[in-house]
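Remarks on the structure that follows.
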Amino acid sequence: MKAIIHKKYGPPNVASLAEVSKPQPNDEELLLKVYASTVNRTDSGFRSAEYFVSRFFSGLLKPKNQILGCEFSGVVESIGKNVLGFKIGDKVFGYNDKTFGGHAEYATISYKAAVAVAPKNISLHDAAAITEGAHYALNIIRVAKVKPGQNVLVYGATGAIGSSAVQLLNYFGANINAVCDTKNVELVKTLGATKVIDYQQSDFTKFKDTYDFVFDAVGKTSFGACKPLLNKNGIYISTELGKNGQNIFLALKHWALKSRKKVLFPIPPDLSKEDIGFLKDLVENGMFKPVIDSYRNLDDIVEIYTYVDSGQKVGNVVLEILN
Ligand SMILES: NC(=O)c1ccc[n+]([C@@H]2O[C@H](COP(=O)([O-])OP(=O)(O)OC[C@H]3O[C@@H](n4cnc5c(N)ncnc54)[C@H](OP(=O)(O)O)[C@@H]3O)[C@@H](O)[C@H]2O)c1
């Protein structure tokens, strides 16, 4: 089968299209004919191993799993004898950031993992883009314990995480101000933001609005800059470590001192079976729709990774594997 492989860590050109053997499902696994995957910042992070810590999961010297692609959608081609809840021909989508494998014509996944029958109201290709940004956003929103009516700022509302965060916060009943660039102001309004601040026109820290929670979805702000905007018990969470890893140190300091205004730095748990069902229901109820930047194919993988690494994608880049 065709797959994108990387035999070493590094820049986009360590990834290439290759012919590899088709995976065989064990007794608890589904074998999927993959329709689509995405190329996202999780794939980029594990490909580059920019943060050395990722190697403790993916292999110290070289990648244990040569095929990346944590998001996938496809059709069940065969099932192991102990599989429950799925049958051959089911259209499914899911998330696998343990062994990856979505950047290939076939992939295997345990029936107990984050895989579910795909929502019927969006294409199977788009279903591949439901999980990655939403997984991080959902975890962060839960840690911040956002309640209906609270004021939240989402900085970087056009990324995979930011665009998911705005939609999920809207579902949870928050009042959302969002920051993005000029060309995406209208898009972000449609996601559910009450007020959209164009960072190319205005500095969001100069507005009078205050927040119960500031969610920096692209890791470009700092607690110092956002602290004056936080309400008495306001929370700041960023998807990045911050300058010199400050978000980790501040989180520890604020926890130790029981500070009122504080940084939290949550480590995401695995995406659960319940969560994937929750996301599917949101999509089917029209409360969540993955934002699609573009549809690409396997031949362009180096160019795609170069673009994703640039931090400029709007939502998700879908990798079409079967048209
Ligand atoms: N290491 C990992 O495993 C991992 C996994 C997932 C995510 N992350 C991190 O989480 C962050 C978000 O990930 P993502 O996938 O959601 O990002 P993404 O999709 O790559 O986000 C890109 C978007 O952010 C916008 N943006 C860039 N600079 C901005 C700024 N200064 N102000 C406002 N918007 C800005 C870009 O639009 P414009 O350029 O037009 O403004 C673009 O639409 C990234 O820093 C990523 O590294 C890490």
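In the structure tokens, each chain is lettered A, B, ... as it comes, each chain's residues begin at 1, and ligands are numbered from 1 in order of appearance.
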
Inset, instruction - Grab me every residue within 7 Å of ligand 1, counting only C-alpha atoms and all ligand atoms, and send it over as number ranges by chain. - result: A: 40-42, 45-46, 133, 155-162, 179-181, 199, 217-220, 239-240, 308-309, 311-316

Within 9 Å of A:Gly101 using only C-alpha atoms, minus same-chain residues under 4 positions, as a PDB file with C-alpha atoms, in the first residue's frame:
```pdb
ATOM      1  CA  ALA A   3       1.969   5.546   2.785  1.00  0.00           C
ATOM      2  CA  ASN A  65       6.047   4.380  14.039  1.00  0.00           C
ATOM      3  CA  GLN A  66       7.149   5.540  10.621  1.00  0.00           C
ATOM      4  CA  ILE A  67       3.654   6.433   9.406  1.00  0.00           C
ATOM      5  CA  LEU A  68       2.181   9.583  10.977  1.00  0.00           C
ATOM      6  CA  GLY A  69      -1.405  10.819  10.705  1.00  0.00           C
ATOM      7  CA  CYS A  70      -3.235  10.957  14.037  1.00  0.00           C
ATOM      8  CA  GLU A  71      -6.610  11.758  12.433  1.00  0.00           C
ATOM      9  CA  PHE A  72      -8.357   9.431  10.025  1.00  0.00           C
ATOM     10  CA  ASN A  96      -4.796   7.862  17.245  1.00  0.00           C
ATOM     11  CA  ASP A  97      -1.862   9.794  18.708  1.00  0.00           C
ATOM     12  CA  TYR A 106      -4.902   1.226   5.189  1.00  0.00           C
ATOM     13  CA  ALA A 107      -4.718   1.574   8.973  1.00  0.00           C
ATOM     14  CA  THR A 108      -5.655  -0.505  12.006  1.00  0.00           C
TER      15      THR A 108
END
```

Inset, instruction - Would you list the contacts of stretch 9-18 of chain A as a PyMOL selection string, taking every protein, DNA or RNA residue within 8 Å and counting only C-alpha atoms, but skipping same-chain residues closer than 3 positions in sequence? - result: chain A and resi 2-6+46-49+62-63+298-299+301-303+305-306

Legend entry - Shell around A:Val214 at 8 Å using only C-alpha atoms, local window under 4 positions removed, as a PyMOL selection string: chain A and resi 152-155+226+230+234-237

File of the preceding selection, C-alpha atoms, as a PDB file, in the first residue's frame:
```pdb
ATOM      1  CA  VAL A 152     -13.691  34.070  27.462  1.00  0.00           C
ATOM      2  CA  LEU A 153     -11.050  35.389  25.067  1.00  0.00           C
ATOM      3  CA  VAL A 154      -9.748  33.013  22.404  1.00  0.00           C
ATOM      4  CA  TYR A 155      -6.484  34.324  20.994  1.00  0.00           C
ATOM      5  CA  CYS A 226      -3.073  39.098  29.617  1.00  0.00           C
ATOM      6  CA  LEU A 230      -8.316  38.669  33.831  1.00  0.00           C
ATOM      7  CA  GLY A 234      -9.259  34.480  35.995  1.00  0.00           C
ATOM      8  CA  ILE A 235      -7.379  31.675  34.284  1.00  0.00           C
ATOM      9  CA  TYR A 236      -4.784  31.870  31.490  1.00  0.00           C
ATOM     10  CA  ILE A 237      -3.977  28.775  29.426  1.00  0.00           C
TER      11      ILE A 237
END
```

Legend entry - Counting only C-alpha atoms, the option among A:Lys120, A:Lys145, A:His125, A:Lys98 closest to A:Leu264: A:Lys145

Within 8 Å of A:Ala174 using only C-alpha atoms, minus same-chain residues under 4 positions, as a short mmCIF file (atom, residue, chain, number, x, y, z; two decimals) with C-alpha atoms, in the first residue's frame:
```
data_model
loop_
_atom_site.label_atom_id
_atom_site.label_comp_id
_atom_site.auth_asym_id
_atom_site.auth_seq_id
_atom_site.Cartn_x
_atom_site.Cartn_y
_atom_site.Cartn_z
CA VAL A 146 -15.94 27.27 31.84
CA LYS A 147 -19.52 27.99 32.91
CA PRO A 148 -22.42 29.44 30.90
CA GLY A 149 -22.28 33.23 30.80
CA GLN A 150 -18.56 33.49 31.54
CA ASN A 151 -16.43 35.80 29.42
CA VAL A 152 -13.69 34.07 27.46
CA LEU A 169 -17.17 27.45 24.05
CA ASN A 170 -20.25 28.58 22.17
#
```

Legend entry - Å distance separating atom CA of A:Asp126 from atom CA of A:Asn285, one decimal place: 15.7 Å

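Between A:Ile109 and the residues A:Ser78, A:Asn247, A:Ser21, A:Ser44, the shortest atom-to-atom distance, using only C-alpha atoms, involves A:Ser78.
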
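Checking A:Lys243, A:His254, A:Lys195, A:Lys262 one by one against A:Pro228, counting only C-alpha atoms, you find the shortest gap at A:Lys262.
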